[in-house]
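Enquirer: This is the content of data16.cif (mmCIF, C-alpha atoms):
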```cif
data_start
#
loop_
_atom_site.group_PDB
_atom_site.id
_atom_site.type_symbol
_atom_site.label_atom_id
_atom_site.label_comp_id
_atom_site.auth_asym_id
_atom_site.auth_seq_id
_atom_site.Cartn_x
_atom_site.Cartn_y
_atom_site.Cartn_z
ATOM 1 C CA MET A 1 78.688 99.400 68.462
ATOM 2 C CA ALA A 2 81.028 98.173 71.180
ATOM 3 C CA ILE A 3 84.646 97.311 70.493
ATOM 4 C CA PRO A 4 85.283 93.584 71.033
ATOM 5 C CA LYS A 5 87.482 92.830 74.033
ATOM 6 C CA SER A 6 90.044 91.029 71.852
ATOM 7 C CA ILE A 7 90.567 94.149 69.701
ATOM 8 C CA PHE A 8 91.009 96.287 72.832
ATOM 9 C CA LEU A 9 93.572 93.787 74.199
ATOM 10 C CA ILE A 10 95.536 93.784 70.939
ATOM 11 C CA ILE A 11 95.605 97.598 70.839
ATOM 12 C CA SER A 12 96.809 97.714 74.464
ATOM 13 C CA VAL A 13 99.618 95.221 73.813
ATOM 14 C CA VAL A 14 100.775 97.029 70.663
ATOM 15 C CA THR A 15 100.751 100.394 72.461
ATOM 16 C CA THR A 16 102.797 99.004 75.341
ATOM 17 C CA LEU A 17 105.332 97.371 73.032
ATOM 18 C CA PHE A 18 105.605 100.549 70.966
ATOM 19 C CA SER A 19 106.339 102.673 74.056
ATOM 20 C CA ILE A 20 108.952 100.160 75.252
ATOM 21 C CA ALA A 21 110.601 100.236 71.827
ATOM 22 C CA LEU A 22 110.936 104.024 72.052
ATOM 23 C CA ALA A 23 112.624 103.983 75.466
ATOM 24 C CA THR A 24 116.127 105.424 75.703
ATOM 25 C CA PRO A 25 118.707 103.618 77.841
ATOM 26 C CA GLY A 26 120.696 105.537 80.422
ATOM 27 C CA THR A 27 121.704 105.576 84.070
ATOM 28 C CA ALA A 28 120.208 107.161 87.150
ATOM 29 C CA THR A 29 121.573 108.389 90.451
ATOM 30 C CA PHE A 30 119.710 110.187 93.234
ATOM 31 C CA TYR A 31 119.879 113.394 95.226
ATOM 32 C CA THR A 32 118.202 114.748 98.361
ATOM 33 C CA GLN A 33 118.228 118.581 98.276
ATOM 34 C CA TYR A 34 115.442 119.762 95.985
ATOM 35 C CA VAL A 35 115.312 123.543 96.525
ATOM 36 C CA PRO A 36 116.605 125.758 95.018
ATOM 37 C CA SER A 37 116.418 124.299 91.519
ATOM 38 C CA ALA A 38 117.734 125.582 88.202
ATOM 39 C CA CYS A 39 114.238 125.563 86.680
ATOM 40 C CA TYR A 40 112.030 126.867 89.502
ATOM 41 C CA GLY A 41 114.348 128.673 91.937
ATOM 42 C CA ASN A 42 113.006 128.475 95.491
ATOM 43 C CA THR A 43 109.550 127.222 94.502
ATOM 44 C CA PRO A 44 109.164 123.579 95.599
ATOM 45 C CA GLN A 45 107.956 121.141 92.928
ATOM 46 C CA GLY A 46 107.273 118.123 95.136
ATOM 47 C CA THR A 47 109.442 115.075 95.628
ATOM 48 C CA ILE A 48 108.848 112.965 92.517
ATOM 49 C CA ILE A 49 111.306 114.976 90.477
ATOM 50 C CA ALA A 50 114.586 114.745 88.587
ATOM 51 C CA ALA A 51 117.590 116.759 87.513
ATOM 52 C CA ALA A 52 118.847 116.488 83.934
ATOM 53 C CA SER A 53 122.458 115.740 83.038
ATOM 54 C CA ASP A 54 124.414 117.985 80.682
ATOM 55 C CA PRO A 55 123.489 116.025 77.506
ATOM 56 C CA LEU A 56 119.757 116.428 78.276
ATOM 57 C CA TRP A 57 119.848 119.969 79.695
ATOM 58 C CA ASN A 58 119.727 121.909 76.391
ATOM 59 C CA ASN A 59 119.953 125.327 78.093
ATOM 60 C CA GLY A 60 116.961 124.498 80.292
ATOM 61 C CA ALA A 61 114.567 123.534 77.488
ATOM 62 C CA ILE A 62 113.908 120.283 79.363
ATOM 63 C CA CYS A 63 112.527 122.104 82.437
ATOM 64 C CA GLY A 64 109.021 120.889 83.267
ATOM 65 C CA LYS A 65 109.151 117.890 80.930
ATOM 66 C CA THR A 66 108.087 114.565 82.407
ATOM 67 C CA PHE A 67 109.664 111.163 81.881
ATOM 68 C CA ASN A 68 108.570 107.627 82.606
ATOM 69 C CA VAL A 69 111.627 105.953 84.169
ATOM 70 C CA THR A 70 112.150 102.212 84.652
ATOM 71 C CA CYS A 71 115.080 100.484 86.329
ATOM 72 C CA THR A 72 116.588 97.863 84.002
ATOM 73 C CA GLY A 73 119.506 96.577 86.069
ATOM 74 C CA PRO A 74 122.583 97.177 88.196
ATOM 75 C CA THR A 75 125.705 99.136 87.308
ATOM 76 C CA ASN A 76 127.656 97.802 90.279
ATOM 77 C CA PRO A 77 127.837 94.679 92.493
ATOM 78 C CA VAL A 78 124.491 95.336 94.258
ATOM 79 C CA PRO A 79 122.423 92.377 93.020
ATOM 80 C CA HIS A 80 118.889 92.874 91.709
ATOM 81 C CA PRO A 81 118.371 96.551 92.622
ATOM 82 C CA CYS A 82 115.162 96.986 90.582
ATOM 83 C CA THR A 83 111.726 96.871 92.213
ATOM 84 C CA GLY A 84 109.884 96.146 88.954
ATOM 85 C CA LYS A 85 108.033 99.471 89.132
ATOM 86 C CA SER A 86 108.237 102.552 86.901
ATOM 87 C CA ILE A 87 107.726 106.182 87.871
ATOM 88 C CA VAL A 88 106.930 109.431 86.069
ATOM 89 C CA VAL A 89 109.185 112.291 87.177
ATOM 90 C CA LYS A 90 109.241 115.992 86.347
ATOM 91 C CA VAL A 91 112.576 117.628 85.434
ATOM 92 C CA VAL A 92 113.132 120.574 87.773
ATOM 93 C CA ASP A 93 116.899 120.938 87.914
ATOM 94 C CA HIS A 94 120.253 120.632 86.158
ATOM 95 C CA CYS A 95 122.959 118.308 87.442
ATOM 96 C CA PRO A 96 126.164 119.341 85.718
ATOM 97 C CA GLY A 97 128.697 116.556 85.977
ATOM 98 C CA CYS A 98 126.340 114.170 87.776
ATOM 99 C CA GLY A 99 126.996 110.467 87.427
ATOM 100 C CA GLY A 100 123.795 109.600 85.591
ATOM 101 C CA THR A 101 121.584 110.561 82.690
ATOM 102 C CA LEU A 102 118.902 111.510 85.206
ATOM 103 C CA ASP A 103 119.503 112.396 88.829
ATOM 104 C CA LEU A 104 116.267 111.301 90.516
ATOM 105 C CA SER A 105 114.936 112.492 93.841
ATOM 106 C CA LYS A 106 115.597 109.873 96.509
ATOM 107 C CA GLU A 107 111.834 109.233 96.711
ATOM 108 C CA ALA A 108 111.599 108.553 92.967
ATOM 109 C CA PHE A 109 114.755 106.420 92.939
ATOM 110 C CA SER A 110 113.485 104.384 95.915
ATOM 111 C CA THR A 111 110.280 103.601 94.029
ATOM 112 C CA ILE A 112 112.133 101.893 91.171
ATOM 113 C CA ALA A 113 115.295 100.627 92.898
ATOM 114 C CA ASN A 114 117.102 99.969 96.140
ATOM 115 C CA PRO A 115 118.933 103.217 97.063
ATOM 116 C CA VAL A 116 121.884 101.140 98.315
ATOM 117 C CA ALA A 117 122.698 100.566 94.626
ATOM 118 C CA GLY A 118 123.449 104.293 94.199
ATOM 119 C CA VAL A 119 123.558 104.098 90.386
ATOM 120 C CA ILE A 120 121.288 101.973 88.174
ATOM 121 C CA LYS A 121 120.638 101.312 84.510
ATOM 122 C CA ILE A 122 117.360 102.803 83.298
ATOM 123 C CA ASP A 123 115.089 103.163 80.314
ATOM 124 C CA TYR A 124 113.305 106.506 80.047
ATOM 125 C CA VAL A 125 110.603 107.896 77.775
ATOM 126 C CA GLN A 126 109.432 111.504 77.629
ATOM 127 C CA THR A 127 105.716 111.733 78.448
ATOM 128 C CA SER A 128 105.271 115.501 78.084
#
```
Please render this file's structure as structure tokens.
Expert:
Amino acid sequence: MAIPKSIFLIISVVTTLFSIALATPGTATFYTQYVPSACYGNTPQGTIIAAASDPLWNNGAICGKTFNVTCTGPTNPVPHPCTGKSIVVKVVDHCPGCGGTLDLSKEAFSTIANPVAGVIKIDYVQTS
């Protein structure tokens, strides 16, 4: 028996709203030197990556976890920095004293926001 399209649509909407409700607000900055990293040493992990701030670091327990990150707005006078996209990043490094909750690779940051902004407001949800 096939599931009616209306039931599938309702389930999709509820799932999306539930994941949005679980998002944690924070801020993001970006960086450009990806190796070495605190989690993987000199082994490159690609360019869609992030470094965790001190509150998230937890002695490295966050290494390898992935997060869906969405820009929610500016933190400075750069108007409308968000692109409307989200991105899933893998935590590969620690950024002690960095200016954001997550320090995204420049490639990841550029996907969700204008890099000219430098620092943005975000919502993030752990995906693994």
Enquirer: Hey, can you check how far atom CA of Thr43 of chain A sits from atom CA of Ile112 of chain A?
Expert: 25.7 Å
Enquirer: Might you pull out every residue within 9 Å of Gln45 of chain A, with all atoms listed in the file counted and same-chain residues fewer than 6 positions away left off, and present them as a VMD selection string?
Expert: chain A and resid 34 to 35 90 92
Enquirer: With distances taken over only C-alpha atoms, which of A:Leu22, A:Pro74, A:Ile87, A:Pro96 is nearest to Asn59 of chain A?
Expert: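 Under the stated criterion, the closest residue is A:Pro96.
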Enquirer: Quick one: distance from atom CA of Thr47 of chain A to atom CA of Pro77 of chain A in Å, one decimal?
Expert: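 Taking atom CA of Thr47 of chain A and atom CA of Pro77 of chain A, their separation equals 27.6 Å.
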Enquirer: In Å, with one decimal, what is the gap from atom CA of Ala38 of chain A to atom CA of Gly64 of chain A?
Expert: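 So the two atoms, atom CA of Ala38 of chain A and atom CA of Gly64 of chain A, lie 11.1 Å apart.
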Enquirer: Between A:Asn42, A:Ser53, A:Asn58, A:Thr83, single out the one closest to Gly97 of chain A, counting only C-alpha atoms.
Expert: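 Ranked by minimum distance to Gly97 of chain A, first place goes to A:Ser53.
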Enquirer: Spell out the residues picked by the PyMOL selection byres ((chain A and resi 72) around 7) here, as a PyMOL selection string.
Expert: chain A and resi 70-71+73+82+121-123
Enquirer: Give me a file of those residues, with C-alpha atoms, as a PDB file, keeping the file's coordinate frame.
Expert:
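What landed in selection_31.pdb:
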```pdb
ATOM      1  CA  THR A  70     112.150 102.212  84.652  1.00  0.00           C
ATOM      2  CA  CYS A  71     115.080 100.484  86.329  1.00  0.00           C
ATOM      3  CA  GLY A  73     119.506  96.577  86.069  1.00  0.00           C
ATOM      4  CA  CYS A  82     115.162  96.986  90.582  1.00  0.00           C
ATOM      5  CA  LYS A 121     120.638 101.312  84.510  1.00  0.00           C
ATOM      6  CA  ILE A 122     117.360 102.803  83.298  1.00  0.00           C
ATOM      7  CA  ASP A 123     115.089 103.163  80.314  1.00  0.00           C
TER       8      ASP A 123
END
```
Enquirer: Using all atoms listed in the file, which protein or nucleic acid residues come within 10 Å of Trp57 of chain A? Drop anything in the same chain fewer than 5 positions from it, and give the result as a list in words.
Expert: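 My list of contacting residues is Ala51, Ala52, Ile62, Cys63, Val91, Asp93, His94, Cys95 and Pro96 of chain A.
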Enquirer: For Asn76 of chain A, please output as a PDB file with C-alpha atoms, keeping the file's coordinate frame all residues within 8 Å (counting all atoms listed in the file; exclusion window: fewer than 6 positions along the same chain).
Expert:
```pdb
ATOM      1  CA  ALA A 117     122.698 100.566  94.626  1.00  0.00           C
ATOM      2  CA  VAL A 119     123.558 104.098  90.386  1.00  0.00           C
ATOM      3  CA  ILE A 120     121.288 101.973  88.174  1.00  0.00           C
TER       4      ILE A 120
END
```
Enquirer: With all atoms listed in the file as the basis for distance, which of A:Gly99, A:Ala113, A:Thr127, A:Lys85 is at the shortest distance from Phe67 of chain A?
Expert: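 For Phe67 of chain A, the nearest of the given residues is A:Thr127.
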Enquirer: Could you check which of A:Tyr124, A:Val89, A:Pro25, A:Gly46 is closest to Phe109 of chain A, using only C-alpha atoms?
Expert: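 The answer is A:Val89, which sits nearest to Phe109 of chain A.
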Enquirer: Under the PyMOL selection byres ((chain A and resi 28) around 6), which residues of this model are included? Write them out as a VMD selection string.
Expert: chain A and resid 27 29 100 to 103 119 to 120
Enquirer: Which one of A:Ile49, A:Cys39, A:Val116, A:Leu56 sits closest to Val69 of chain A if you count only C-alpha atoms?
Expert: A:Ile49
Enquirer: Grab all the atoms of segment 109-119 of chain A that the file lists, wrap them in a box along x, y and z, add 8 Å per side, and give me centre plus edge lengths in Å (one decimal) as lines of an AutoDock Vina configuration file.
Expert:
```
center_x = 116.9
center_y = 103.2
center_z = 94.4
size_x = 29.3
size_y = 22.5
size_z = 23.9
```
Enquirer: What would segment 39-65 of chain A look like with N, CA, C and O atoms in place, written as a short mmCIF file (atom, residue, chain, number, x, y, z; two decimals), in the coordinates of the input?
Expert:
```cif
data_model
loop_
_atom_site.label_atom_id
_atom_site.label_comp_id
_atom_site.auth_asym_id
_atom_site.auth_seq_id
_atom_site.Cartn_x
_atom_site.Cartn_y
_atom_site.Cartn_z
N CYS A 39 115.44 125.24 87.46
CA CYS A 39 114.24 125.56 86.68
C CYS A 39 113.24 126.44 87.43
O CYS A 39 112.58 127.28 86.83
N TYR A 40 113.11 126.23 88.74
CA TYR A 40 112.03 126.87 89.50
C TYR A 40 112.52 127.67 90.71
O TYR A 40 111.70 128.11 91.52
N GLY A 41 113.82 127.88 90.83
CA GLY A 41 114.35 128.67 91.94
C GLY A 41 113.97 128.09 93.28
O GLY A 41 114.18 126.91 93.54
N ASN A 42 113.37 128.90 94.14
CA ASN A 42 113.01 128.48 95.49
C ASN A 42 111.57 127.96 95.60
O ASN A 42 111.07 127.77 96.71
N THR A 43 110.92 127.73 94.48
CA THR A 43 109.55 127.22 94.50
C THR A 43 109.57 125.70 94.48
O THR A 43 109.98 125.10 93.48
N PRO A 44 109.15 125.05 95.56
CA PRO A 44 109.16 123.58 95.60
C PRO A 44 108.27 122.97 94.52
O PRO A 44 107.21 123.51 94.20
N GLN A 45 108.70 121.84 93.98
CA GLN A 45 107.96 121.14 92.93
C GLN A 45 107.57 119.72 93.35
O GLN A 45 107.25 118.89 92.51
N GLY A 46 107.60 119.46 94.65
CA GLY A 46 107.27 118.12 95.14
C GLY A 46 108.52 117.27 95.28
O GLY A 46 109.64 117.78 95.27
N THR A 47 108.31 115.97 95.41
CA THR A 47 109.44 115.08 95.63
C THR A 47 109.60 114.01 94.55
O THR A 47 110.56 113.25 94.58
N ILE A 48 108.70 113.93 93.61
CA ILE A 48 108.85 112.96 92.52
C ILE A 48 109.38 113.75 91.31
O ILE A 48 108.66 114.07 90.36
N ILE A 49 110.66 114.05 91.40
CA ILE A 49 111.31 114.98 90.48
C ILE A 49 112.65 114.43 90.03
O ILE A 49 113.12 113.41 90.54
N ALA A 50 113.28 115.15 89.09
CA ALA A 50 114.59 114.74 88.59
C ALA A 50 115.37 115.96 88.14
O ALA A 50 114.81 117.02 87.84
N ALA A 51 116.69 115.78 88.09
CA ALA A 51 117.59 116.76 87.51
C ALA A 51 118.18 116.14 86.25
O ALA A 51 118.45 114.94 86.20
N ALA A 52 118.35 116.96 85.22
CA ALA A 52 118.85 116.49 83.93
C ALA A 52 120.36 116.65 83.84
O ALA A 52 120.91 117.68 84.25
N SER A 53 121.02 115.67 83.27
CA SER A 53 122.46 115.74 83.04
C SER A 53 122.75 116.72 81.90
O SER A 53 121.85 117.15 81.18
N ASP A 54 124.02 117.04 81.73
CA ASP A 54 124.41 117.98 80.68
C ASP A 54 123.89 117.62 79.29
O ASP A 54 123.36 118.48 78.59
N PRO A 55 123.98 116.35 78.86
CA PRO A 55 123.49 116.02 77.51
C PRO A 55 121.98 116.27 77.31
O PRO A 55 121.54 116.52 76.20
N LEU A 56 121.20 116.20 78.38
CA LEU A 56 119.76 116.43 78.28
C LEU A 56 119.35 117.88 78.53
O LEU A 56 118.26 118.29 78.15
N TRP A 57 120.20 118.64 79.19
CA TRP A 57 119.85 119.97 79.69
C TRP A 57 119.38 120.93 78.61
O TRP A 57 118.37 121.61 78.76
N ASN A 58 120.12 121.07 77.53
CA ASN A 58 119.73 121.91 76.39
C ASN A 58 119.33 123.32 76.83
O ASN A 58 118.24 123.81 76.49
N ASN A 59 120.18 123.96 77.59
CA ASN A 59 119.95 125.33 78.09
C ASN A 59 118.62 125.49 78.83
O ASN A 59 117.99 126.53 78.77
N GLY A 60 118.18 124.42 79.50
CA GLY A 60 116.96 124.50 80.29
C GLY A 60 115.68 124.18 79.55
O GLY A 60 114.59 124.21 80.13
N ALA A 61 115.78 123.84 78.26
CA ALA A 61 114.57 123.53 77.49
C ALA A 61 113.83 122.31 78.04
O ALA A 61 112.64 122.15 77.79
N ILE A 62 114.51 121.50 78.81
CA ILE A 62 113.91 120.28 79.36
C ILE A 62 113.11 120.56 80.65
O ILE A 62 112.37 119.71 81.12
N CYS A 63 113.25 121.76 81.20
CA CYS A 63 112.53 122.10 82.44
C CYS A 63 111.02 121.85 82.29
O CYS A 63 110.41 122.27 81.30
N GLY A 64 110.45 121.16 83.26
CA GLY A 64 109.02 120.89 83.27
C GLY A 64 108.60 119.66 82.48
O GLY A 64 107.45 119.22 82.59
N LYS A 65 109.49 119.10 81.68
CA LYS A 65 109.15 117.89 80.93
C LYS A 65 109.05 116.72 81.90
O LYS A 65 109.70 116.69 82.94
#
```
